[in-house]
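Asks: Below is one structure. I have some questions about it.
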Amino acid sequence: QVQLVESGGGLVQPGGSLKLSCVASENIFNFNSMDWYRQTPGTERDFVASIHLTGRPQYADSVWGRFTISRDGDKNTIYLQMDSLSPEDTGVYYCRANELSGSYWGQGTQVTVSS
């Protein structure tokens, strides 16, 4: 069973930055892609960013130019650098790993953007 552990969330003021991490229990290059999603109370999880096995990134329109997804294979970790944060970025951020047999989710990390 694949395990994903997110960290790096917290409280930040508007305009600030945070960097989230997601550590996988196995080699991240075993996955076709890895994603970041976020969720606010009463809503479904929304796509934020993904990184394909090839390294190609994709972003939601709402975060394009502000967020950067990256990875470190030696650490089995993906990252989400979040800059120019706004209150609309508040939510629980989840990491997901995708392979042919299915997907795995982490437990999430809370990000709150507030003054």
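Within each chain, counting starts at residue 1; across the structure tokens, chains are named A, B, ... in the order shown, with ligands numbered 1 upward in that order.
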To test your reading of the structure, identify every residue in chain A that backbone DSSP assigns to strand (DSSP E or B), and report it as a PyMOL selection string.

Replies: chain A and resi 4-7+10-12+18-24+33-39+46-52+57-59+67-72+77-82+91-99+102-105+109-113

Asks: Applying 12 Å and only C-alpha atoms, which residues near A:Ser103 remain after dropping the ones on its own chain fewer than 4 positions away? List them as number ranges by chain.

Replies: A: 1-4, 30-35, 95-99

Asks: Record the distance separating atom CA of A:Val113 and atom CA of A:Asp83, expressed in Å with one decimal.

Replies: 11.3 Å

Asks: Using only C-alpha atoms, which of A:Ser21, A:Ser101, A:Ser86, A:Asn27 sits nearest A:Asp74?

Replies: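 Among A:Ser21, A:Ser101, A:Ser86, A:Asn27, it is A:Asn27 that comes nearest to A:Asp74.
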
Asks: List the neighbours of A:Lys19 out to 12 Å using only C-alpha atoms; skip same-chain residues closer than 2 positions along the sequence, and give me the result as a VMD selection string.

Replies: chain A and resid 6 to 12 16 to 17 21 to 22 66 to 70 78 to 85 93 109 111
